[in-house]
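**Q** Have a look at the structure that comes next, please.
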Amino acid sequence: LLSVGRLVEKKGYFHQLKLAVLLKQEGVPFRLRIIGSGPLRNSLEKECLSKGLDKNVFFLGSRNERETAEAFLECDAFLFTGVIASNGDRDGIPNVIPEALASGCLVLASDKAGASEAFVDGVSGFSLSPLNYRDWIALLKKCVEKPQEFNAIRKAAVKRAKDAFDVMRTVRALRAEIEAVIQG
């Protein structure tokens, strides 16, 4: 499992630790790597230790673009548990979601922020409440038990990333709009 982002409230990392506790209780083998740094790192690491997750959850700190891209290719599933922070801050579509989709990762993302706008729920990723841990656990267990059942979703994720986040297509569309305004 992989998660990438700043270690701040709106990313919902404490929810990932709760998921990790439940996965461990269910006997599901896993390793969760978290790439990123931020003000919550010490609190998250303490929580991880207090829950006995130090052999399953690894805080890797910041990584460069190449190292992060390699991590996407090495993971089975990408987790994004974004929430609306107490100050109202939230994510739109975080860059890591299209990156995960393009890498063919199985994307499980929060329905509480804009992440699930990047894919079609149940077709190219999964949109889940970060508070309904059982849904996350059920999907992750199925991923371990029957990984081949997610191949079509992984392929659809790659296609979705290419179709929805193609920079050249966006530039062409923007240019056409600008030309239309200029001409009349």
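In the structure tokens, each chain is lettered A, B, ... as it comes, each chain's residues begin at 1, and ligands are numbered from 1 in order of appearance.
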If we count only C-alpha atoms and set the cut-off at 9 Å, which residues sit around Ala164 in chain A, ignoring sequence neighbours fewer than 5 positions away in its own chain? Please answer as a list in words.
**A**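 Once the nearby chain positions are removed, what remains is Pro98, Ala118, Phe119, Lys159, Arg169 and Thr170 of chain A.
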**Q** Write the residues of the preceding selection, restricted to N, CA, C and O atoms, as a short mmCIF file (atom, residue, chain, number, x, y, z; two decimals), in the first residue's frame.
**A**
data_model
loop_
_atom_site.label_atom_id
_atom_site.label_comp_id
_atom_site.auth_asym_id
_atom_site.auth_seq_id
_atom_site.Cartn_x
_atom_site.Cartn_y
_atom_site.Cartn_z
N PRO A 98 -4.10 11.43 -10.21
CA PRO A 98 -3.82 11.09 -11.60
C PRO A 98 -2.50 10.33 -11.77
O PRO A 98 -2.41 9.44 -12.63
N ALA A 118 -11.51 12.52 -9.98
CA ALA A 118 -10.48 12.15 -10.95
C ALA A 118 -10.76 10.83 -11.65
O ALA A 118 -10.14 10.52 -12.66
N PHE A 119 -11.71 10.05 -11.14
CA PHE A 119 -11.97 8.73 -11.71
C PHE A 119 -13.45 8.41 -11.62
O PHE A 119 -14.22 9.14 -11.01
N LYS A 159 -6.27 4.31 -18.59
CA LYS A 159 -6.98 4.98 -19.68
C LYS A 159 -7.59 6.30 -19.20
O LYS A 159 -7.51 7.32 -19.88
N ARG A 169 -3.96 17.72 -24.87
CA ARG A 169 -5.38 17.84 -25.20
C ARG A 169 -5.97 19.08 -24.53
O ARG A 169 -6.73 19.83 -25.14
N THR A 170 -5.59 19.32 -23.30
CA THR A 170 -6.06 20.49 -22.57
C THR A 170 -5.57 21.77 -23.23
O THR A 170 -6.34 22.74 -23.39
#
**Q** Just the residues within 9 Å of Ala100 in chain A, please, counting only C-alpha atoms, with nothing from its chain fewer than 5 positions along; format it as a PyMOL selection string.
**A** chain A and resi 69+72-73+77-78+95+105-107+157-158+161
**Q** Can you pull out every residue from range 30-100 of chain A that DSSP, working from the backbone, puts in helix (DSSP H, G or I), and format the result as a list in words?
**A** Arg41, Asn42, Ser43, Leu44, Glu45, Lys46, Glu47, Cys48, Leu49, Ser50, Glu65, Arg66, Glu67, Thr68, Ala69, Glu70, Ala71, Phe72, Leu73, Glu74, Val96, Ile97, Pro98, Glu99 and Ala100 of chain A
**Q** Within 9 Å of Ala20 in chain A, counting only C-alpha atoms, which residues qualify if same-chain residues fewer than 2 places away don't, as a PDB file with N, CA and C atoms, in the first residue's frame?
**A**
ATOM      1  N   HIS A  15      -6.746   8.365   9.676  1.00  0.00           N
ATOM      2  CA  HIS A  15      -7.674   7.346   9.175  1.00  0.00           C
ATOM      3  C   HIS A  15      -6.907   6.169   8.574  1.00  0.00           C
ATOM      4  N   GLN A  16      -5.791   6.458   7.915  1.00  0.00           N
ATOM      5  CA  GLN A  16      -4.982   5.366   7.367  1.00  0.00           C
ATOM      6  C   GLN A  16      -4.417   4.499   8.479  1.00  0.00           C
ATOM      7  N   LEU A  17      -4.043   5.114   9.579  1.00  0.00           N
ATOM      8  CA  LEU A  17      -3.528   4.322  10.694  1.00  0.00           C
ATOM      9  C   LEU A  17      -4.635   3.447  11.295  1.00  0.00           C
ATOM     10  N   LYS A  18      -5.857   3.964  11.340  1.00  0.00           N
ATOM     11  CA  LYS A  18      -6.980   3.143  11.816  1.00  0.00           C
ATOM     12  C   LYS A  18      -7.219   1.966  10.864  1.00  0.00           C
ATOM     13  N   LEU A  22      -6.944  -2.169  11.680  1.00  0.00           N
ATOM     14  CA  LEU A  22      -7.967  -3.152  11.310  1.00  0.00           C
ATOM     15  C   LEU A  22      -7.418  -4.227  10.376  1.00  0.00           C
ATOM     16  N   LEU A  23      -6.584  -3.827   9.423  1.00  0.00           N
ATOM     17  CA  LEU A  23      -5.957  -4.823   8.543  1.00  0.00           C
ATOM     18  C   LEU A  23      -5.137  -5.820   9.357  1.00  0.00           C
ATOM     19  N   LYS A  24      -4.400  -5.314  10.295  1.00  0.00           N
ATOM     20  CA  LYS A  24      -3.575  -6.172  11.152  1.00  0.00           C
ATOM     21  C   LYS A  24      -4.458  -7.106  11.981  1.00  0.00           C
ATOM     22  N   GLN A  25      -5.540  -6.554  12.552  1.00  0.00           N
ATOM     23  CA  GLN A  25      -6.460  -7.377  13.352  1.00  0.00           C
ATOM     24  C   GLN A  25      -7.102  -8.477  12.511  1.00  0.00           C
ATOM     25  N   PHE A  30       0.202  -6.787   4.963  1.00  0.00           N
ATOM     26  CA  PHE A  30       0.327  -5.510   4.267  1.00  0.00           C
ATOM     27  C   PHE A  30       1.556  -4.766   4.746  1.00  0.00           C
ATOM     28  N   ARG A  31       1.950  -3.839   3.898  1.00  0.00           N
ATOM     29  CA  ARG A  31       2.983  -2.858   4.235  1.00  0.00           C
ATOM     30  C   ARG A  31       2.471  -1.549   3.661  1.00  0.00           C
ATOM     31  N   LEU A  32       2.345  -0.541   4.491  1.00  0.00           N
ATOM     32  CA  LEU A  32       1.899   0.784   4.062  1.00  0.00           C
ATOM     33  C   LEU A  32       3.098   1.716   4.100  1.00  0.00           C
ATOM     34  N   LEU A  53       2.148  -0.676  15.033  1.00  0.00           N
ATOM     35  CA  LEU A  53       2.183  -0.745  13.564  1.00  0.00           C
ATOM     36  C   LEU A  53       3.577  -0.515  12.984  1.00  0.00           C
ATOM     37  N   ASN A  56       4.609  -2.495  10.039  1.00  0.00           N
ATOM     38  CA  ASN A  56       3.722  -2.462   8.876  1.00  0.00           C
ATOM     39  C   ASN A  56       3.646  -1.109   8.197  1.00  0.00           C
ATOM     40  N   VAL A  57       3.839  -0.044   8.948  1.00  0.00           N
ATOM     41  CA  VAL A  57       3.681   1.315   8.421  1.00  0.00           C
ATOM     42  C   VAL A  57       5.037   2.011   8.469  1.00  0.00           C
TER      43      VAL A  57
END
**Q** Would you list the contacts of Ala113 in chain A as a short mmCIF file (atom, residue, chain, number, x, y, z; two decimals) with N, CA, C and O atoms, in the first residue's frame, taking every protein, DNA or RNA residue within 9 Å and counting only C-alpha atoms, but skipping same-chain residues closer than 5 positions in sequence?
**A**
data_model
loop_
_atom_site.label_atom_id
_atom_site.label_comp_id
_atom_site.auth_asym_id
_atom_site.auth_seq_id
_atom_site.Cartn_x
_atom_site.Cartn_y
_atom_site.Cartn_z
N LYS A 10 -5.79 17.75 6.51
CA LYS A 10 -6.74 17.49 5.41
C LYS A 10 -6.45 16.20 4.65
O LYS A 10 -7.30 15.72 3.91
N THR A 81 -6.96 9.32 1.90
CA THR A 81 -8.03 9.43 2.90
C THR A 81 -8.34 10.88 3.25
O THR A 81 -8.62 11.21 4.40
N GLY A 82 -8.29 11.76 2.27
CA GLY A 82 -8.51 13.19 2.50
C GLY A 82 -9.85 13.49 3.14
O GLY A 82 -10.85 12.82 2.90
N VAL A 83 -9.82 14.52 3.98
CA VAL A 83 -11.02 14.97 4.69
C VAL A 83 -11.07 16.50 4.63
O VAL A 83 -10.14 17.14 4.16
N ILE A 84 -12.14 17.06 5.12
CA ILE A 84 -12.23 18.50 5.27
C ILE A 84 -11.65 18.83 6.64
O ILE A 84 -12.14 18.35 7.67
N ARG A 90 -9.42 21.75 2.30
CA ARG A 90 -9.63 20.44 1.67
C ARG A 90 -8.88 20.42 0.35
O ARG A 90 -8.51 21.45 -0.19
N ASP A 91 -8.70 19.23 -0.16
CA ASP A 91 -8.06 19.07 -1.46
C ASP A 91 -9.08 19.19 -2.57
O ASP A 91 -10.26 18.85 -2.38
N GLY A 92 -8.62 19.63 -3.74
CA GLY A 92 -9.38 19.49 -4.96
C GLY A 92 -9.06 18.09 -5.48
O GLY A 92 -9.27 17.10 -4.79
N ILE A 93 -8.49 18.02 -6.66
CA ILE A 93 -7.95 16.75 -7.14
C ILE A 93 -6.45 16.81 -6.90
O ILE A 93 -5.73 17.52 -7.59
#
